[in-house]
Amino acid sequence: MSSAGGLTQRRRNNFAAAEDDNEFNSNRRGSLPEAGNGANGSESQSGPGSAGNGTNDYDDKDDDGKSGKNPKLTLLEEILLMGLKDSQGYLSFWNDNISYVLRGCILMELSLRGRIATVKEVRKRPFPDRLVEVEDERLTGEVLLDEALKLMKLEKQSIGNWIDLMSGETWNVMKIGYQLKQVRERIAKGLVDKGVLRTEKRNFVLFDMATHPVADHTAKEQIVQRAVDALLGRGPPPDRRTIAMVCAAYAANVLENALIGLSHSQREAAFSKVDELLQEHSMLTDRVKAQGTTEVMAGVLTVFTKMDSII
């Protein structure tokens with residue numbers, strides 16, 4: 001698992017900081033409430049980017065059945081929520097990776113919803129170099145996802161290029177307009193609209209800043225529980241959406257926040273498992289393909305394994 005070695009080293013260096021930053025620790029030392037793991041993703045998909053029969057805008061195969069009680073969150077929202085300090089309502093100032101990872105989550109989310117897929121070519125390129133095309137132009141109702149979808153309708157770019165372009169990581173002045181602006185703040189405002197966060201003004205000596213403390217702790221607890229269950233092998237096998245979430249959280253340096261309440265040995269086991277998941281799903285083995293992992297998801301996860309050399 002040498003390709004994930006950089007991520008492994010980075011999370012060890014940042015774990016101490018995560019323990020200082022995360023206030024979820026004291027609330028989670030006891031047992032977490034039970035949370036459903038959803039479908040195990042064992043159904044095979046009809047093609048790259050397929051997400052079921054298209055009747056459910058979220059993701060037919062990975063619907064966890066909680067729509068009656070809690071709002072369904074996108075991968076972007078789950079990653080941001082996992083990284084937020086509960087009462088202060090902002091991310092660690094030392095986190096340089098999350099913005100880039102969130103752009104990758106946009107691609108994975110659109111793929112899981114069946115909106116985009118890789119272009120079928122005779123010559124198979126490495127997953128991050130495979131071109132992306134729009135398969136379903138229907139809007140999702142999520143502002144950031146729909147903005148990205150409209151950009152992808154304009155031209156075909158590779159998975160890696162789209163993450164770079166949406167992050168503003170380009171020297172091509174003609175492509176500057178592809179950068180998505182204020183992504184973290186817009187995700188947070190979406191979570192406010194869903195009742196998961198609330199908005200407050202906080203003074204940082206030199207300036208005032210809007211912060212978004214957690215309003216619905218149950219929503220965050222369920223995300224944490226899903227991550228812990230998936231990485232410690234509790235319950236049924238995790239579905240592809242949960243796998244995408246834990247791998248993205250790992251690359252974004254926020255997975256540590258979900259594991260604070262575990263023992264040292266459990267944390268090490270969890271990090272070993274996410275290393276394994278990241279490696280296997282980025283390679284798109286036959287086994288994970290049968291579980292529903294798409295080529296777009298494999299390409300994004302491959303980019304995540306190389307993030308130390310990107311950022």
# chains A, B, ... in the order shown; residues from 1 in each chain; ligands from 1
$ select_by_dssp --residues "range 99-177 of chain A" --states "alpha helix (DSSP H)" --output "PyMOL selection string"
chain A and resi 99-112+143-154+159-167
$ residues_around --residues "Leu76 in chain A" --least-positions-apart "3" --cutoff "8 Å" --atoms "only C-alpha atoms" --output "list in words"
Leu73, Ile79, Leu80, Leu102, Cys105, Ile106 and Ile187 of chain A
$ atom_distance --atom1 "CA of Gln266 in chain A" --atom2 "CA of Lys85 in chain A"
22.4 Å
$ closest_residue --among "A:Asp216, A:Glu268, A:Glu280, A:Asp146" --to "Glu109 in chain A" --atoms "only C-alpha atoms"
A:Asp146
$ select_by_dssp --residues "range 110-311 of chain A" --states "strand (DSSP E or B)" --output "ChimeraX atom specification"
/A:116-118,131-134,157-158,197,200-203,208-211,214
$ write_last_selection --atoms "all heavy atoms" --output "short mmCIF file (atom, residue, chain, number, x, y, z; two decimals), in the first residue's frame"
data_model
loop_
_atom_site.label_atom_id
_atom_site.label_comp_id
_atom_site.auth_asym_id
_atom_site.auth_seq_id
_atom_site.Cartn_x
_atom_site.Cartn_y
_atom_site.Cartn_z
N ILE A 116 -22.69 11.85 -14.10
CA ILE A 116 -21.48 11.83 -14.93
C ILE A 116 -20.87 10.44 -14.94
O ILE A 116 -21.15 9.61 -14.06
CB ILE A 116 -20.42 12.84 -14.43
CG1 ILE A 116 -19.97 12.50 -13.00
CG2 ILE A 116 -20.96 14.28 -14.51
CD1 ILE A 116 -18.80 13.35 -12.50
N ALA A 117 -20.05 10.18 -15.95
CA ALA A 117 -19.32 8.91 -16.07
C ALA A 117 -18.08 9.16 -16.90
O ALA A 117 -17.91 10.25 -17.49
CB ALA A 117 -20.20 7.84 -16.71
N THR A 118 -17.20 8.19 -16.96
CA THR A 118 -16.02 8.31 -17.81
C THR A 118 -16.38 7.98 -19.25
O THR A 118 -17.28 7.18 -19.52
CB THR A 118 -14.90 7.37 -17.33
OG1 THR A 118 -15.40 6.04 -17.24
CG2 THR A 118 -14.38 7.80 -15.97
N LEU A 131 -11.41 10.83 -19.36
CA LEU A 131 -12.29 11.96 -19.59
C LEU A 131 -13.66 11.73 -18.97
O LEU A 131 -14.15 10.60 -18.90
CB LEU A 131 -12.44 12.20 -21.10
CG LEU A 131 -11.16 12.53 -21.87
CD1 LEU A 131 -11.47 12.66 -23.35
CD2 LEU A 131 -10.52 13.81 -21.33
N VAL A 132 -14.27 12.82 -18.55
CA VAL A 132 -15.58 12.78 -17.90
C VAL A 132 -16.61 13.37 -18.85
O VAL A 132 -16.37 14.41 -19.48
CB VAL A 132 -15.57 13.56 -16.58
CG1 VAL A 132 -16.97 13.64 -15.98
CG2 VAL A 132 -14.60 12.92 -15.59
N GLU A 133 -17.75 12.73 -18.95
CA GLU A 133 -18.85 13.26 -19.74
C GLU A 133 -20.13 13.26 -18.91
O GLU A 133 -20.29 12.46 -17.98
CB GLU A 133 -19.05 12.44 -21.01
CG GLU A 133 -19.49 11.01 -20.79
CD GLU A 133 -19.69 10.26 -22.09
OE1 GLU A 133 -19.62 10.89 -23.16
OE2 GLU A 133 -19.89 9.02 -22.04
N VAL A 134 -21.03 14.15 -19.25
CA VAL A 134 -22.33 14.23 -18.56
C VAL A 134 -23.26 13.21 -19.19
O VAL A 134 -23.49 13.22 -20.40
CB VAL A 134 -22.92 15.65 -18.67
CG1 VAL A 134 -24.31 15.69 -18.06
CG2 VAL A 134 -22.01 16.65 -17.96
N GLN A 157 -13.13 17.02 -19.82
CA GLN A 157 -11.82 17.11 -19.18
C GLN A 157 -11.61 15.82 -18.38
O GLN A 157 -12.56 15.10 -18.09
CB GLN A 157 -11.75 18.31 -18.23
CG GLN A 157 -11.76 19.68 -18.91
CD GLN A 157 -10.41 20.05 -19.48
OE1 GLN A 157 -9.40 19.40 -19.20
NE2 GLN A 157 -10.38 21.12 -20.29
N SER A 158 -10.36 15.56 -18.01
CA SER A 158 -10.09 14.36 -17.22
C SER A 158 -10.52 14.57 -15.77
O SER A 158 -10.75 15.70 -15.33
CB SER A 158 -8.59 14.02 -17.27
OG SER A 158 -7.85 14.99 -16.54
N LEU A 197 -26.65 22.89 10.95
CA LEU A 197 -25.80 23.92 11.55
C LEU A 197 -26.64 25.17 11.81
O LEU A 197 -27.76 25.30 11.31
CB LEU A 197 -24.64 24.28 10.62
CG LEU A 197 -23.69 23.17 10.18
CD1 LEU A 197 -22.63 23.73 9.24
CD2 LEU A 197 -23.03 22.50 11.39
N GLU A 200 -23.57 31.99 13.46
CA GLU A 200 -23.25 32.96 14.50
C GLU A 200 -22.13 33.86 14.00
O GLU A 200 -21.39 33.51 13.09
CB GLU A 200 -22.79 32.25 15.79
CG GLU A 200 -23.87 31.43 16.48
CD GLU A 200 -23.36 30.77 17.75
OE1 GLU A 200 -22.13 30.86 18.01
OE2 GLU A 200 -24.17 30.14 18.46
N LYS A 201 -22.00 35.03 14.60
CA LYS A 201 -20.89 35.93 14.33
C LYS A 201 -19.84 35.74 15.41
O LYS A 201 -20.15 35.74 16.60
CB LYS A 201 -21.36 37.38 14.30
CG LYS A 201 -21.80 37.86 12.92
CD LYS A 201 -20.59 38.18 12.07
CE LYS A 201 -21.02 38.61 10.65
NZ LYS A 201 -21.84 39.81 10.65
N ARG A 202 -18.58 35.61 15.02
CA ARG A 202 -17.51 35.41 15.99
C ARG A 202 -16.41 36.41 15.73
O ARG A 202 -16.03 36.65 14.58
CB ARG A 202 -16.97 33.98 15.89
CG ARG A 202 -16.07 33.56 17.04
CD ARG A 202 -15.62 32.12 16.87
NE ARG A 202 -14.84 31.65 17.99
CZ ARG A 202 -15.33 31.07 19.07
NH1 ARG A 202 -16.63 30.86 19.17
NH2 ARG A 202 -14.56 30.67 20.05
N ASN A 203 -15.87 37.01 16.81
CA ASN A 203 -14.81 37.99 16.68
C ASN A 203 -13.45 37.32 16.78
O ASN A 203 -13.16 36.60 17.73
CB ASN A 203 -14.95 39.07 17.77
CG ASN A 203 -13.89 40.13 17.64
OD1 ASN A 203 -12.83 40.03 18.26
ND2 ASN A 203 -14.16 41.16 16.85
N ASP A 208 -14.36 40.16 12.15
CA ASP A 208 -15.51 39.33 12.50
C ASP A 208 -15.72 38.30 11.40
O ASP A 208 -15.52 38.59 10.22
CB ASP A 208 -16.77 40.17 12.66
CG ASP A 208 -16.72 41.04 13.91
OD1 ASP A 208 -16.02 40.66 14.86
OD2 ASP A 208 -17.35 42.12 13.91
N MET A 209 -16.14 37.10 11.78
CA MET A 209 -16.36 36.05 10.79
C MET A 209 -17.61 35.27 11.15
O MET A 209 -17.88 35.02 12.32
CB MET A 209 -15.15 35.10 10.74
CG MET A 209 -15.23 34.04 9.67
SD MET A 209 -13.75 33.00 9.61
CE MET A 209 -14.09 31.86 10.96
N ALA A 210 -18.38 34.93 10.13
CA ALA A 210 -19.55 34.09 10.35
C ALA A 210 -19.09 32.66 10.62
O ALA A 210 -18.27 32.12 9.89
CB ALA A 210 -20.46 34.12 9.13
N THR A 211 -19.57 32.08 11.70
CA THR A 211 -19.25 30.69 12.01
C THR A 211 -20.53 29.87 12.02
O THR A 211 -21.63 30.42 12.06
CB THR A 211 -18.55 30.58 13.38
OG1 THR A 211 -19.44 31.09 14.40
CG2 THR A 211 -17.25 31.37 13.40
N VAL A 214 -22.59 23.41 15.31
CA VAL A 214 -23.51 22.30 15.07
C VAL A 214 -24.81 22.53 15.83
O VAL A 214 -24.80 22.80 17.03
CB VAL A 214 -22.87 20.96 15.50
CG1 VAL A 214 -23.87 19.81 15.35
CG2 VAL A 214 -21.62 20.68 14.66
#
$ residues_around --residues "Arg125 in chain A" --least-positions-apart "4" --cutoff "12 Å" --atoms "only C-alpha atoms" --output "list in words"
Thr118, Val119, Lys120, Glu121, Asp129, Arg130, Leu131, Ser158, Ile159, Glu295 and Gly299 of chain A
$ residues_around --residues "Phe304 in chain A" --least-positions-apart "3" --cutoff "8 Å" --atoms "only C-alpha atoms" --output "count of residues only"
6
$ closest_residue --among "A:Thr242, A:Val228, A:Asn172, A:Glu135" --to "Glu256 in chain A" --atoms "only C-alpha atoms"
A:Val228
$ atom_distance --atom1 "CA of Pro213 in chain A" --atom2 "CA of Gln88 in chain A"
5.5 Å
$ atom_distance --atom1 "CA of Ser99 in chain A" --atom2 "CA of Ile260 in chain A"
22.4 Å
$ closest_residue --among "A:Leu110, A:His217, A:Lys175, A:Val254" --to "Leu84 in chain A" --atoms "only C-alpha atoms"
A:Val254
$ closest_residue --among "A:Met283, A:Ala219, A:Ala269, A:Leu180" --to "Tyr100 in chain A" --atoms "only C-alpha atoms"
A:Leu180
